[in-house]
$ cat run.pdb   # PDB, C-alpha atoms, pLDDT in the B column
MODEL        1
ATOM      1  CA  MET P 259     -23.147 -48.032 -37.210  1.00 55.00           C
ATOM      2  CA  GLN P 260     -22.690 -50.685 -34.610  1.00 72.00           C
ATOM      3  CA  SER P 261     -23.136 -50.087 -30.911  1.00 68.00           C
ATOM      4  CA  GLY P 262     -19.394 -50.689 -30.328  1.00 68.00           C
ATOM      5  CA  GLN P 263     -18.469 -47.822 -32.620  1.00 74.00           C
ATOM      6  CA  THR P 264     -21.047 -45.564 -30.958  1.00 76.00           C
ATOM      7  CA  PHE P 265     -19.505 -46.208 -27.553  1.00 71.00           C
ATOM      8  CA  LEU P 266     -16.053 -45.414 -28.921  1.00 72.00           C
ATOM      9  CA  ILE P 267     -17.304 -42.122 -30.394  1.00 74.00           C
ATOM     10  CA  ILE P 268     -19.040 -41.198 -27.105  1.00 77.00           C
ATOM     11  CA  GLY P 269     -15.857 -42.117 -25.202  1.00 73.00           C
ATOM     12  CA  ALA P 270     -13.774 -39.932 -27.549  1.00 72.00           C
ATOM     13  CA  PHE P 271     -16.156 -37.000 -27.016  1.00 71.00           C
ATOM     14  CA  VAL P 272     -15.967 -37.454 -23.219  1.00 73.00           C
ATOM     15  CA  LEU P 273     -12.159 -37.551 -23.398  1.00 75.00           C
ATOM     16  CA  LEU P 274     -12.056 -34.483 -25.676  1.00 69.00           C
ATOM     17  CA  SER P 275     -14.476 -32.582 -23.416  1.00 72.00           C
ATOM     18  CA  THR P 276     -12.408 -33.395 -20.320  1.00 74.00           C
ATOM     19  CA  MET P 277      -9.204 -32.230 -22.013  1.00 70.00           C
ATOM     20  CA  THR P 278     -10.902 -29.017 -23.204  1.00 70.00           C
ATOM     21  CA  LEU P 279     -12.136 -28.269 -19.671  1.00 67.00           C
ATOM     22  CA  ASN P 280      -8.654 -28.859 -18.254  1.00 64.00           C
ATOM     23  CA  VAL P 281      -7.043 -26.575 -20.830  1.00 63.00           C
ATOM     24  CA  ASN P 282      -9.634 -23.839 -20.212  1.00 62.00           C
ATOM     25  CA  SER P 283      -9.174 -24.153 -16.454  1.00 61.00           C
ATOM     26  CA  ALA P 284      -5.393 -23.832 -16.836  1.00 58.00           C
ATOM     27  CA  LEU P 285      -5.764 -20.779 -19.083  1.00 56.00           C
ATOM     28  CA  ILE P 286      -8.138 -19.069 -16.641  1.00 59.00           C
ATOM     29  CA  GLY P 287      -5.803 -19.855 -13.726  1.00 55.00           C
ATOM     30  CA  THR P 288      -2.850 -18.441 -15.646  1.00 53.00           C
ATOM     31  CA  SER P 289      -4.813 -15.330 -16.576  1.00 56.00           C
ATOM     32  CA  THR P 290      -5.889 -14.769 -12.954  1.00 62.00           C
ATOM     33  CA  THR P 291      -2.334 -15.211 -11.701  1.00 71.00           C
ATOM     34  CA  GLY P 292      -1.069 -12.790 -14.335  1.00 71.00           C
ATOM     35  CA  LEU P 293      -3.621 -10.154 -13.306  1.00 85.00           C
ATOM     36  CA  GLU P 294      -2.756 -10.618  -9.629  1.00 89.00           C
ATOM     37  CA  MET P 295       0.942 -10.219 -10.394  1.00 90.00           C
ATOM     38  CA  GLU P 296       0.323  -7.097 -12.492  1.00 92.00           C
ATOM     39  CA  ALA P 297      -1.930  -5.598  -9.793  1.00 93.00           C
ATOM     40  CA  THR P 298       0.724  -6.361  -7.166  1.00 93.00           C
ATOM     41  CA  LEU P 299       3.435  -4.623  -9.214  1.00 95.00           C
ATOM     42  CA  ASP P 300       1.159  -1.606  -9.722  1.00 95.00           C
ATOM     43  CA  ALA P 301       0.339  -1.567  -5.989  1.00 96.00           C
ATOM     44  CA  MET P 302       4.054  -1.611  -5.132  1.00 96.00           C
ATOM     45  CA  SER P 303       4.739   1.232  -7.556  1.00 95.00           C
ATOM     46  CA  ILE P 304       1.857   3.366  -6.262  1.00 96.00           C
ATOM     47  CA  GLY P 305       2.832   2.621  -2.656  1.00 97.00           C
ATOM     48  CA  GLN P 306       6.490   3.459  -3.294  1.00 97.00           C
ATOM     49  CA  THR P 307       5.463   6.800  -4.801  1.00 96.00           C
ATOM     50  CA  LEU P 308       3.617   7.707  -1.593  1.00 97.00           C
ATOM     51  CA  LEU P 309       6.476   6.406   0.562  1.00 97.00           C
ATOM     52  CA  ASP P 310       8.940   8.582  -1.371  1.00 96.00           C
ATOM     53  CA  GLU P 311       6.646  11.598  -0.949  1.00 97.00           C
ATOM     54  CA  ILE P 312       6.528  11.072   2.821  1.00 97.00           C
ATOM     55  CA  LEU P 313      10.280  10.594   3.192  1.00 97.00           C
ATOM     56  CA  THR P 314      11.017  13.907   1.425  1.00 95.00           C
ATOM     57  CA  GLN P 315       9.209  15.786   4.209  1.00 95.00           C
ATOM     58  CA  ASP P 316      10.903  17.206   7.326  1.00 94.00           C
ATOM     59  CA  PHE P 317      11.291  14.668  10.123  1.00 95.00           C
ATOM     60  CA  ASP P 318       9.063  16.467  12.625  1.00 95.00           C
ATOM     61  CA  GLN P 319       7.028  19.634  13.142  1.00 94.00           C
ATOM     62  CA  LYS P 320       9.750  20.772  15.574  1.00 93.00           C
ATOM     63  CA  THR P 321      12.488  20.435  12.902  1.00 93.00           C
ATOM     64  CA  LEU P 322      10.843  22.475  10.128  1.00 91.00           C
ATOM     65  CA  GLY P 323      13.056  24.982   8.355  1.00 86.00           C
ATOM     66  CA  GLY P 324      16.296  23.408   9.509  1.00 86.00           C
ATOM     67  CA  ILE P 325      15.722  23.849  13.253  1.00 89.00           C
ATOM     68  CA  ARG P 326      18.055  21.507  15.138  1.00 91.00           C
ATOM     69  CA  VAL P 327      16.761  19.240  17.904  1.00 91.00           C
ATOM     70  CA  TYR P 328      19.197  17.359  20.142  1.00 91.00           C
ATOM     71  CA  SER P 329      16.804  15.642  22.542  1.00 92.00           C
ATOM     72  CA  THR P 330      13.983  13.255  21.690  1.00 93.00           C
ATOM     73  CA  ASP P 331      11.841  15.004  24.325  1.00 94.00           C
ATOM     74  CA  SER P 332      11.597  17.979  21.942  1.00 93.00           C
ATOM     75  CA  LEU P 333       9.905  15.894  19.224  1.00 96.00           C
ATOM     76  CA  THR P 334       6.157  15.424  18.677  1.00 95.00           C
ATOM     77  CA  THR P 335       4.631  12.786  20.943  1.00 96.00           C
ATOM     78  CA  PRO P 336       3.037   9.774  19.211  1.00 96.00           C
ATOM     79  CA  ALA P 337      -0.396  10.822  20.516  1.00 95.00           C
ATOM     80  CA  LYS P 338      -0.144  14.019  18.433  1.00 95.00           C
ATOM     81  CA  PHE P 339       0.785  12.313  15.151  1.00 96.00           C
ATOM     82  CA  GLY P 340      -1.366  13.341  12.204  1.00 93.00           C
ATOM     83  CA  PRO P 341      -2.210  16.678  10.599  1.00 92.00           C
ATOM     84  CA  ASP P 342      -1.290  19.743  12.663  1.00 88.00           C
ATOM     85  CA  GLY P 343      -4.523  21.757  12.656  1.00 85.00           C
ATOM     86  CA  THR P 344      -7.186  22.437  10.070  1.00 84.00           C
ATOM     87  CA  ALA P 345      -4.733  23.840   7.489  1.00 85.00           C
ATOM     88  CA  GLU P 346      -3.277  20.344   7.126  1.00 89.00           C
ATOM     89  CA  THR P 347      -6.569  18.448   7.148  1.00 89.00           C
ATOM     90  CA  ILE P 348      -7.672  16.760   3.916  1.00 90.00           C
ATOM     91  CA  SER P 349     -10.926  18.367   2.830  1.00 86.00           C
ATOM     92  CA  GLY P 350     -13.881  16.611   1.221  1.00 82.00           C
ATOM     93  CA  ASN P 351     -14.588  12.935   0.585  1.00 83.00           C
ATOM     94  CA  LYS P 352     -14.601  12.021   4.323  1.00 86.00           C
ATOM     95  CA  GLY P 353     -10.911  12.884   4.684  1.00 88.00           C
ATOM     96  CA  ILE P 354      -9.798  10.546   1.885  1.00 92.00           C
ATOM     97  CA  ASP P 355      -7.375  12.196  -0.531  1.00 92.00           C
ATOM     98  CA  THR P 356      -8.639  11.191  -3.991  1.00 91.00           C
ATOM     99  CA  SER P 357      -7.198  12.072  -7.369  1.00 88.00           C
ATOM    100  CA  SER P 358      -7.099  10.469 -10.784  1.00 85.00           C
ATOM    101  CA  THR P 359      -4.323  12.854 -11.894  1.00 87.00           C
ATOM    102  CA  ASP P 360      -1.857  12.489  -8.970  1.00 86.00           C
ATOM    103  CA  ASN P 361      -2.770  15.993  -7.763  1.00 90.00           C
ATOM    104  CA  PHE P 362      -3.127  15.003  -4.101  1.00 94.00           C
ATOM    105  CA  GLN P 363      -3.842  17.483  -1.303  1.00 93.00           C
ATOM    106  CA  SER P 364      -1.076  15.973   0.825  1.00 94.00           C
ATOM    107  CA  LEU P 365       1.523  17.461  -1.534  1.00 93.00           C
ATOM    108  CA  THR P 366       0.641  20.994  -0.414  1.00 92.00           C
ATOM    109  CA  ARG P 367      -0.868  20.459   3.051  1.00 94.00           C
ATOM    110  CA  PHE P 368       1.596  18.172   4.843  1.00 96.00           C
ATOM    111  CA  ASN P 369       5.069  19.352   5.824  1.00 94.00           C
ATOM    112  CA  ASP P 370       6.483  16.632   8.089  1.00 95.00           C
ATOM    113  CA  VAL P 371       6.524  12.840   8.248  1.00 96.00           C
ATOM    114  CA  ASP P 372       4.054  12.298  11.067  1.00 95.00           C
ATOM    115  CA  ASP P 373       1.377  14.461   9.368  1.00 96.00           C
ATOM    116  CA  TYR P 374       0.711  11.349   7.253  1.00 97.00           C
ATOM    117  CA  ASN P 375      -0.270   9.165  10.234  1.00 97.00           C
ATOM    118  CA  GLY P 376      -3.795   7.862   9.553  1.00 95.00           C
ATOM    119  CA  TYR P 377      -3.743   9.300   6.032  1.00 96.00           C
ATOM    120  CA  THR P 378      -5.833   7.532   3.364  1.00 96.00           C
ATOM    121  CA  ARG P 379      -5.420   8.022  -0.366  1.00 96.00           C
ATOM    122  CA  MET P 380      -7.339   6.684  -3.358  1.00 95.00           C
ATOM    123  CA  SER P 381      -5.077   6.505  -6.398  1.00 95.00           C
ATOM    124  CA  TRP P 382      -6.353   5.861  -9.930  1.00 93.00           C
ATOM    125  CA  ASN P 383      -4.722   3.352 -12.240  1.00 92.00           C
ATOM    126  CA  PRO P 384      -6.002   3.242 -15.853  1.00 91.00           C
ATOM    127  CA  ARG P 385      -5.811  -0.559 -16.021  1.00 90.00           C
ATOM    128  CA  PHE P 386      -7.151  -1.560 -12.590  1.00 93.00           C
ATOM    129  CA  GLY P 387      -9.079   1.428 -11.267  1.00 93.00           C
ATOM    130  CA  TRP P 388      -8.807   2.700  -7.695  1.00 95.00           C
ATOM    131  CA  PHE P 389      -6.116   1.538  -5.270  1.00 96.00           C
ATOM    132  CA  THR P 390      -6.564   2.411  -1.579  1.00 97.00           C
ATOM    133  CA  LEU P 391      -3.473   3.434   0.396  1.00 97.00           C
ATOM    134  CA  THR P 392      -3.289   3.934   4.153  1.00 98.00           C
ATOM    135  CA  VAL P 393      -0.330   5.214   6.179  1.00 98.00           C
ATOM    136  CA  HIS P 394       0.770   4.484   9.713  1.00 98.00           C
ATOM    137  CA  ILE P 395       3.717   6.170  11.444  1.00 98.00           C
ATOM    138  CA  ASP P 396       5.426   4.846  14.588  1.00 97.00           C
ATOM    139  CA  TYR P 397       8.494   5.715  16.598  1.00 97.00           C
ATOM    140  CA  VAL P 398      10.821   2.721  16.665  1.00 97.00           C
ATOM    141  CA  ASN P 399      13.854   1.610  18.599  1.00 96.00           C
ATOM    142  CA  GLU P 400      17.090   2.902  17.067  1.00 92.00           C
ATOM    143  CA  ASP P 401      18.795  -0.480  17.474  1.00 94.00           C
ATOM    144  CA  ASN P 402      15.859  -2.570  16.261  1.00 94.00           C
ATOM    145  CA  PRO P 403      13.302  -0.905  13.953  1.00 92.00           C
ATOM    146  CA  TYR P 404      10.845  -3.751  14.535  1.00 93.00           C
ATOM    147  CA  VAL P 405      10.359  -2.657  18.155  1.00 96.00           C
ATOM    148  CA  LEU P 406       7.657   0.017  18.373  1.00 96.00           C
ATOM    149  CA  LEU P 407       7.992   2.732  21.005  1.00 96.00           C
ATOM    150  CA  THR P 408       5.377   4.756  22.854  1.00 96.00           C
ATOM    151  CA  THR P 409       7.898   7.553  23.401  1.00 96.00           C
ATOM    152  CA  GLN P 410       9.876   9.713  20.993  1.00 96.00           C
ATOM    153  CA  SER P 411      13.020   8.576  19.192  1.00 96.00           C
ATOM    154  CA  PHE P 412      15.059   9.791  16.247  1.00 96.00           C
ATOM    155  CA  TYR P 413      13.607   6.983  14.080  1.00 97.00           C
ATOM    156  CA  LYS P 414      10.088   6.866  12.622  1.00 97.00           C
ATOM    157  CA  ARG P 415       8.842   3.808  10.754  1.00 97.00           C
ATOM    158  CA  VAL P 416       6.587   4.676   7.827  1.00 98.00           C
ATOM    159  CA  SER P 417       4.177   1.911   6.740  1.00 98.00           C
ATOM    160  CA  VAL P 418       2.145   2.264   3.553  1.00 98.00           C
ATOM    161  CA  THR P 419      -0.513  -0.407   2.991  1.00 98.00           C
ATOM    162  CA  VAL P 420      -2.063  -0.764  -0.468  1.00 98.00           C
ATOM    163  CA  THR P 421      -5.268  -2.688  -1.129  1.00 97.00           C
ATOM    164  CA  HIS P 422      -7.128  -3.559  -4.311  1.00 96.00           C
ATOM    165  CA  PRO P 423      -9.580  -6.370  -5.185  1.00 95.00           C
ATOM    166  CA  ASN P 424      -7.206  -7.805  -7.847  1.00 93.00           C
ATOM    167  CA  LEU P 425      -4.310  -8.402  -5.444  1.00 93.00           C
ATOM    168  CA  GLY P 426      -3.475 -11.959  -4.428  1.00 89.00           C
ATOM    169  CA  LYS P 427      -5.863 -13.752  -2.097  1.00 89.00           C
ATOM    170  CA  ASP P 428      -5.408 -16.162   0.788  1.00 90.00           C
ATOM    171  CA  LEU P 429      -7.097 -19.551   1.088  1.00 91.00           C
ATOM    172  CA  LYS P 430     -10.286 -17.908   2.412  1.00 94.00           C
ATOM    173  CA  ASN P 431     -10.365 -15.609  -0.639  1.00 90.00           C
ATOM    174  CA  ASN P 432      -9.414 -12.517   1.407  1.00 94.00           C
ATOM    175  CA  VAL P 433      -7.281  -9.918  -0.377  1.00 94.00           C
ATOM    176  CA  ILE P 434      -3.670  -9.843   0.813  1.00 94.00           C
ATOM    177  CA  PRO P 435      -2.630  -6.167   0.968  1.00 97.00           C
ATOM    178  CA  VAL P 436       0.812  -4.965  -0.081  1.00 96.00           C
ATOM    179  CA  THR P 437       2.700  -3.192   2.724  1.00 97.00           C
ATOM    180  CA  LEU P 438       5.851  -1.156   2.150  1.00 97.00           C
ATOM    181  CA  GLN P 439       7.931   0.160   5.037  1.00 97.00           C
ATOM    182  CA  ASP P 440      10.889   2.477   5.421  1.00 96.00           C
ATOM    183  CA  LEU P 441      12.552   4.521   8.134  1.00 96.00           C
ATOM    184  CA  ALA P 442      12.669   8.289   8.483  1.00 96.00           C
ATOM    185  CA  VAL P 443      15.813   9.059  10.448  1.00 95.00           C
ATOM    186  CA  TYR P 444      16.621  12.391  12.072  1.00 94.00           C
ATOM    187  CA  ARG P 445      20.323  13.151  11.898  1.00 84.00           C
ATOM    188  CA  ARG P 446      20.948  15.432  14.837  1.00 73.00           C
ATOM    189  CA  PHE P 447      24.725  15.617  14.397  1.00 68.00           C
ATOM    190  CA  PHE P 448      26.239  16.561  11.040  1.00 60.00           C
TER     191      PHE P 448
ENDMDL
END
$ encode --input "run.pdb" --output "C-alpha coordinates"
Amino acid sequence: MQSGQTFLIIGAFVLLSTMTLNVNSALIGTSTTGLEMEATLDAMSIGQTLLDEILTQDFDQKTLGGIRVYSTDSLTTPAKFGPDGTAETISGNKGIDTSSTDNFQSLTRFNDVDDYNGYTRMSWNPRFGWFTLTVHIDYVNEDNPYVLLTTQSFYKRVSVTVTHPNLGKDLKNNVIPVTLQDLAVYRRFF
(Lines of atoms letter the chains of each structure in order from A and count residues from 1; the text may use other names and numbers.)
(Lines give C-alpha, C1' and ligand atoms only; values in the text may rest on other atoms or scores of the structure.)
Protein backbone atom coordinates (compact mmCIF):
# COMPACT_ATOMS: atom_id res chain seq x y z
CA MET A 1 0.00 0.00 0.00
CA GLN A 2 1.23 3.44 -0.81
CA SER A 3 1.30 6.27 1.69
CA GLY A 4 -1.37 8.16 -0.32
CA GLN A 5 -3.83 5.32 0.10
CA THR A 6 -3.04 5.08 3.81
CA PHE A 7 -3.86 8.75 4.29
CA LEU A 8 -7.14 8.30 2.44
CA ILE A 9 -8.08 5.34 4.65
CA ILE A 10 -7.16 7.30 7.82
CA GLY A 11 -9.17 10.28 6.53
CA ALA A 12 -12.18 8.02 5.86
CA PHE A 13 -11.96 6.59 9.39
CA VAL A 14 -11.78 10.12 10.87
CA LEU A 15 -14.81 11.16 8.80
CA LEU A 16 -16.73 8.00 9.78
CA SER A 17 -15.85 8.47 13.47
CA THR A 18 -16.99 12.10 13.40
CA MET A 19 -20.30 11.15 11.78
CA THR A 20 -20.83 8.33 14.30
CA LEU A 21 -20.21 10.72 17.21
CA ASN A 22 -22.66 13.24 15.76
CA VAL A 23 -25.34 10.60 15.28
CA ASN A 24 -24.84 9.26 18.82
CA SER A 25 -24.96 12.78 20.25
CA ALA A 26 -28.22 13.47 18.39
CA LEU A 27 -29.75 10.20 19.61
CA ILE A 28 -28.78 10.92 23.23
CA GLY A 29 -30.17 14.46 22.96
CA THR A 30 -33.42 13.14 21.52
CA SER A 31 -33.67 10.50 24.24
CA THR A 32 -33.06 13.09 26.98
CA THR A 33 -35.66 15.44 25.51
CA GLY A 34 -38.15 12.58 25.28
CA LEU A 35 -37.61 11.65 28.93
CA GLU A 36 -37.98 15.28 30.01
CA MET A 37 -41.22 15.59 28.05
CA GLU A 38 -42.58 12.35 29.52
CA ALA A 39 -41.59 13.40 33.06
CA THR A 40 -43.25 16.79 32.50
CA LEU A 41 -46.50 15.15 31.35
CA ASP A 42 -46.43 12.82 34.37
CA ALA A 43 -45.73 15.79 36.67
CA MET A 44 -48.70 17.68 35.21
CA SER A 45 -50.96 14.67 35.66
CA ILE A 46 -49.85 14.06 39.26
CA GLY A 47 -50.15 17.78 40.05
CA GLN A 48 -53.61 18.01 38.49
CA THR A 49 -54.76 15.07 40.61
CA LEU A 50 -53.75 16.92 43.78
CA LEU A 51 -55.26 20.18 42.50
CA ASP A 52 -58.57 18.39 41.84
CA GLU A 53 -58.47 16.86 45.33
CA ILE A 54 -58.00 20.30 46.91
CA LEU A 55 -60.75 21.96 44.87
CA THR A 56 -63.32 19.34 45.96
CA GLN A 57 -62.91 20.45 49.59
CA ASP A 58 -65.06 23.11 51.30
CA PHE A 59 -63.84 26.65 50.71
CA ASP A 60 -63.05 27.43 54.35
CA GLN A 61 -63.25 26.00 57.86
CA LYS A 62 -66.08 28.49 58.52
CA THR A 63 -68.15 27.14 55.57
CA LEU A 64 -68.06 23.43 56.45
CA GLY A 65 -71.35 21.57 56.23
CA GLY A 66 -73.03 24.18 54.07
CA ILE A 67 -72.76 27.08 56.54
CA ARG A 68 -73.25 30.35 54.66
CA VAL A 69 -70.82 33.25 55.09
CA TYR A 70 -71.65 36.67 53.65
CA SER A 71 -68.67 38.70 54.84
CA THR A 72 -65.00 38.05 54.14
CA ASP A 73 -64.24 38.99 57.77
CA SER A 74 -65.83 35.67 58.80
CA LEU A 75 -63.28 33.63 56.82
CA THR A 76 -59.98 32.20 58.09
CA THR A 77 -57.16 34.74 58.12
CA PRO A 78 -54.13 33.95 55.92
CA ALA A 79 -51.95 33.62 59.04
CA LYS A 80 -54.06 30.62 60.13
CA PHE A 81 -53.87 28.74 56.82
CA GLY A 82 -52.78 25.12 57.15
CA PRO A 83 -54.08 22.15 59.13
CA ASP A 84 -56.58 23.01 61.87
CA GLY A 85 -55.14 21.22 64.91
CA THR A 86 -53.43 17.90 65.43
CA ALA A 87 -56.28 15.85 63.90
CA GLU A 88 -55.42 17.37 60.52
CA THR A 89 -51.64 17.14 60.84
CA ILE A 90 -49.81 14.67 58.58
CA SER A 91 -48.14 12.10 60.81
CA GLY A 92 -44.74 10.50 60.24
CA ASN A 93 -42.03 11.19 57.68
CA LYS A 94 -41.42 14.79 58.91
CA GLY A 95 -44.90 15.88 57.85
CA ILE A 96 -44.48 14.72 54.24
CA ASP A 97 -47.45 12.72 52.99
CA THR A 98 -45.90 9.73 51.18
CA SER A 99 -47.64 6.90 49.40
CA SER A 100 -46.84 4.60 46.51
CA THR A 101 -50.51 3.54 46.25
CA ASP A 102 -52.24 6.97 46.22
CA ASN A 103 -53.53 6.35 49.75
CA PHE A 104 -52.60 9.81 51.06
CA GLN A 105 -53.43 11.03 54.57
CA SER A 106 -54.75 14.31 53.18
CA LEU A 107 -57.77 12.47 51.75
CA THR A 108 -59.10 11.77 55.25
CA ARG A 109 -57.51 14.53 57.36
CA PHE A 110 -58.13 17.74 55.40
CA ASN A 111 -61.62 19.18 54.99
CA ASP A 112 -61.13 22.65 53.49
CA VAL A 113 -58.94 24.30 50.87
CA ASP A 114 -56.58 26.20 53.13
CA ASP A 115 -55.70 23.06 55.15
CA TYR A 116 -53.38 22.26 52.23
CA ASN A 117 -51.25 25.41 52.67
CA GLY A 118 -47.64 24.26 53.17
CA TYR A 119 -48.59 20.65 52.40
CA THR A 120 -45.90 18.41 50.87
CA ARG A 121 -46.59 15.11 49.14
CA MET A 122 -44.30 12.46 47.66
CA SER A 123 -46.08 10.59 44.89
CA TRP A 124 -44.73 7.40 43.30
CA ASN A 125 -44.62 6.89 39.56
CA PRO A 126 -43.58 3.41 38.32
CA ARG A 127 -41.51 4.83 35.45
CA PHE A 128 -39.78 7.79 37.13
CA GLY A 129 -39.95 7.16 40.87
CA TRP A 130 -40.85 9.84 43.42
CA PHE A 131 -42.31 13.22 42.46
CA THR A 132 -42.39 15.93 45.14
CA LEU A 133 -45.46 18.18 45.31
CA THR A 134 -45.84 21.29 47.44
CA VAL A 135 -48.95 23.44 47.88
CA HIS A 136 -49.36 27.13 48.58
CA ILE A 137 -52.70 28.86 49.16
CA ASP A 138 -53.26 32.62 48.93
CA TYR A 139 -56.22 34.96 49.02
CA VAL A 140 -56.35 36.91 45.77
CA ASN A 141 -58.12 39.95 44.43
CA GLU A 142 -61.53 39.10 42.96
CA ASP A 143 -60.92 41.31 39.92
CA ASN A 144 -57.34 40.19 39.30
CA PRO A 145 -56.28 36.75 40.61
CA TYR A 146 -52.61 37.64 40.12
CA VAL A 147 -52.80 40.19 42.94
CA LEU A 148 -52.17 38.50 46.30
CA LEU A 149 -53.99 39.80 49.36
CA THR A 150 -53.03 39.80 53.03
CA THR A 151 -56.70 39.94 54.01
CA GLN A 152 -59.61 37.60 53.35
CA SER A 153 -61.52 37.45 50.07
CA PHE A 154 -63.93 35.04 48.43
CA TYR A 155 -61.15 33.83 46.09
CA LYS A 156 -58.25 31.54 47.05
CA ARG A 157 -55.48 30.76 44.58
CA VAL A 158 -54.21 27.19 44.86
CA SER A 159 -50.66 26.61 43.57
CA VAL A 160 -49.28 23.09 43.24
CA THR A 161 -45.57 22.85 42.40
CA VAL A 162 -44.16 19.52 41.20
CA THR A 163 -40.45 18.74 41.12
CA HIS A 164 -38.48 15.76 39.84
CA PRO A 165 -34.87 15.37 38.65
CA ASN A 166 -35.99 14.35 35.11
CA LEU A 167 -37.95 17.55 34.44
CA GLY A 168 -36.52 20.10 32.02
CA LYS A 169 -33.50 22.10 33.11
CA ASP A 170 -32.40 25.69 32.62
CA LEU A 171 -29.05 26.78 31.22
CA LYS A 172 -27.40 26.30 34.64
CA ASN A 173 -28.74 22.73 34.78
CA ASN A 174 -31.29 23.56 37.51
CA VAL A 175 -34.57 21.64 37.39
CA ILE A 176 -37.52 23.74 36.23
CA PRO A 177 -40.51 22.73 38.38
CA VAL A 178 -44.02 22.40 36.98
CA THR A 179 -46.54 24.70 38.69
CA LEU A 180 -50.30 24.36 38.27
CA GLN A 181 -52.70 26.97 39.60
CA ASP A 182 -56.45 27.29 39.94
CA LEU A 183 -58.95 29.33 41.91
CA ALA A 184 -61.25 28.18 44.69
CA VAL A 185 -64.21 30.54 44.64
CA TYR A 186 -66.79 30.87 47.40
CA ARG A 187 -70.24 31.54 46.00
CA ARG A 188 -72.03 33.38 48.77
CA PHE A 189 -75.21 34.07 46.78
CA PHE A 190 -77.05 31.25 45.02
$ resolve_selection --input "run.pdb" --expression "the PyMOL selection byres ((chain P and resi 359-371) around 8)" --output "list in words"
Glu311, Ile312, Leu313, Gln315, Asp316, Phe317, Asp318, Gln319, Leu322, Pro341, Ala345, Glu346, Thr347, Ile348, Asp355, Thr356, Ser357, Ser358, Asp372, Asp373, Tyr374, Asn375, Ser381, Trp382, Ile395 and Ala442 of chain P
$ residues_around --input "run.pdb" --residues "Asn399 of chain P" --least-positions-apart "5" --cutoff "12 Å" --atoms "all atoms listed in the file" --output "PyMOL selection string"
chain P and resi 404-415+441+443
$ resolve_selection --input "run.pdb" --expression "the PyMOL selection byres ((chain P and resi 420) around 8)" --output "JSON, numbers by chain"
{"P": [301, 302, 305, 389, 390, 391, 392, 418, 419, 421, 422, 435, 436, 437]}
$ closest_residue --input "run.pdb" --among "P:Asp331, P:Glu296, P:Asp310, P:Asp440" --to "Asp396 of chain P" --atoms "all atoms listed in the file"
P:Asp440
$ atom_distance --input "run.pdb" --atom1 "atom CA of Lys352 of chain P" --atom2 "atom CA of Tyr397 of chain P"
26.9 Å
$ build_atoms --input "run.pdb" --residues "segment 424-435 of chain P" --atoms "N, CA and C atoms" --output "PDB file, in the coordinates of the input"
ATOM      1  N   ASN P 424      -7.933  -6.896  -6.956  1.00 93.00           N
ATOM      2  CA  ASN P 424      -7.206  -7.805  -7.847  1.00 93.00           C
ATOM      3  C   ASN P 424      -5.887  -8.298  -7.275  1.00 93.00           C
ATOM      4  N   LEU P 425      -5.540  -7.887  -6.049  1.00 93.00           N
ATOM      5  CA  LEU P 425      -4.310  -8.402  -5.444  1.00 93.00           C
ATOM      6  C   LEU P 425      -4.508  -9.872  -5.089  1.00 93.00           C
ATOM      7  N   GLY P 426      -3.407 -10.548  -4.782  1.00 89.00           N
ATOM      8  CA  GLY P 426      -3.475 -11.959  -4.428  1.00 89.00           C
ATOM      9  C   GLY P 426      -4.402 -12.200  -3.245  1.00 89.00           C
ATOM     10  N   LYS P 427      -4.913 -13.412  -3.153  1.00 89.00           N
ATOM     11  CA  LYS P 427      -5.863 -13.752  -2.097  1.00 89.00           C
ATOM     12  C   LYS P 427      -5.359 -14.956  -1.308  1.00 89.00           C
ATOM     13  N   ASP P 428      -5.772 -15.013  -0.028  1.00 90.00           N
ATOM     14  CA  ASP P 428      -5.408 -16.162   0.788  1.00 90.00           C
ATOM     15  C   ASP P 428      -6.377 -17.320   0.527  1.00 90.00           C
ATOM     16  N   LEU P 429      -6.262 -18.366   1.308  1.00 91.00           N
ATOM     17  CA  LEU P 429      -7.097 -19.551   1.088  1.00 91.00           C
ATOM     18  C   LEU P 429      -8.575 -19.294   1.351  1.00 91.00           C
ATOM     19  N   LYS P 430      -8.888 -18.258   2.134  1.00 94.00           N
ATOM     20  CA  LYS P 430     -10.286 -17.908   2.412  1.00 94.00           C
ATOM     21  C   LYS P 430     -10.789 -16.832   1.452  1.00 94.00           C
ATOM     22  N   ASN P 431     -10.026 -16.576   0.412  1.00 90.00           N
ATOM     23  CA  ASN P 431     -10.365 -15.609  -0.639  1.00 90.00           C
ATOM     24  C   ASN P 431     -10.358 -14.161  -0.143  1.00 90.00           C
ATOM     25  N   ASN P 432      -9.595 -13.886   0.920  1.00 94.00           N
ATOM     26  CA  ASN P 432      -9.414 -12.517   1.407  1.00 94.00           C
ATOM     27  C   ASN P 432      -8.226 -11.885   0.688  1.00 94.00           C
ATOM     28  N   VAL P 433      -8.358 -10.618   0.311  1.00 94.00           N
ATOM     29  CA  VAL P 433      -7.281  -9.918  -0.377  1.00 94.00           C
ATOM     30  C   VAL P 433      -6.089  -9.763   0.564  1.00 94.00           C
ATOM     31  N   ILE P 434      -4.903 -10.035   0.052  1.00 94.00           N
ATOM     32  CA  ILE P 434      -3.670  -9.843   0.813  1.00 94.00           C
ATOM     33  C   ILE P 434      -3.099  -8.486   0.416  1.00 94.00           C
ATOM     34  N   PRO P 435      -3.128  -7.500   1.330  1.00 97.00           N
ATOM     35  CA  PRO P 435      -2.630  -6.167   0.968  1.00 97.00           C
ATOM     36  C   PRO P 435      -1.111  -6.164   0.811  1.00 97.00           C
TER      37      PRO P 435
END
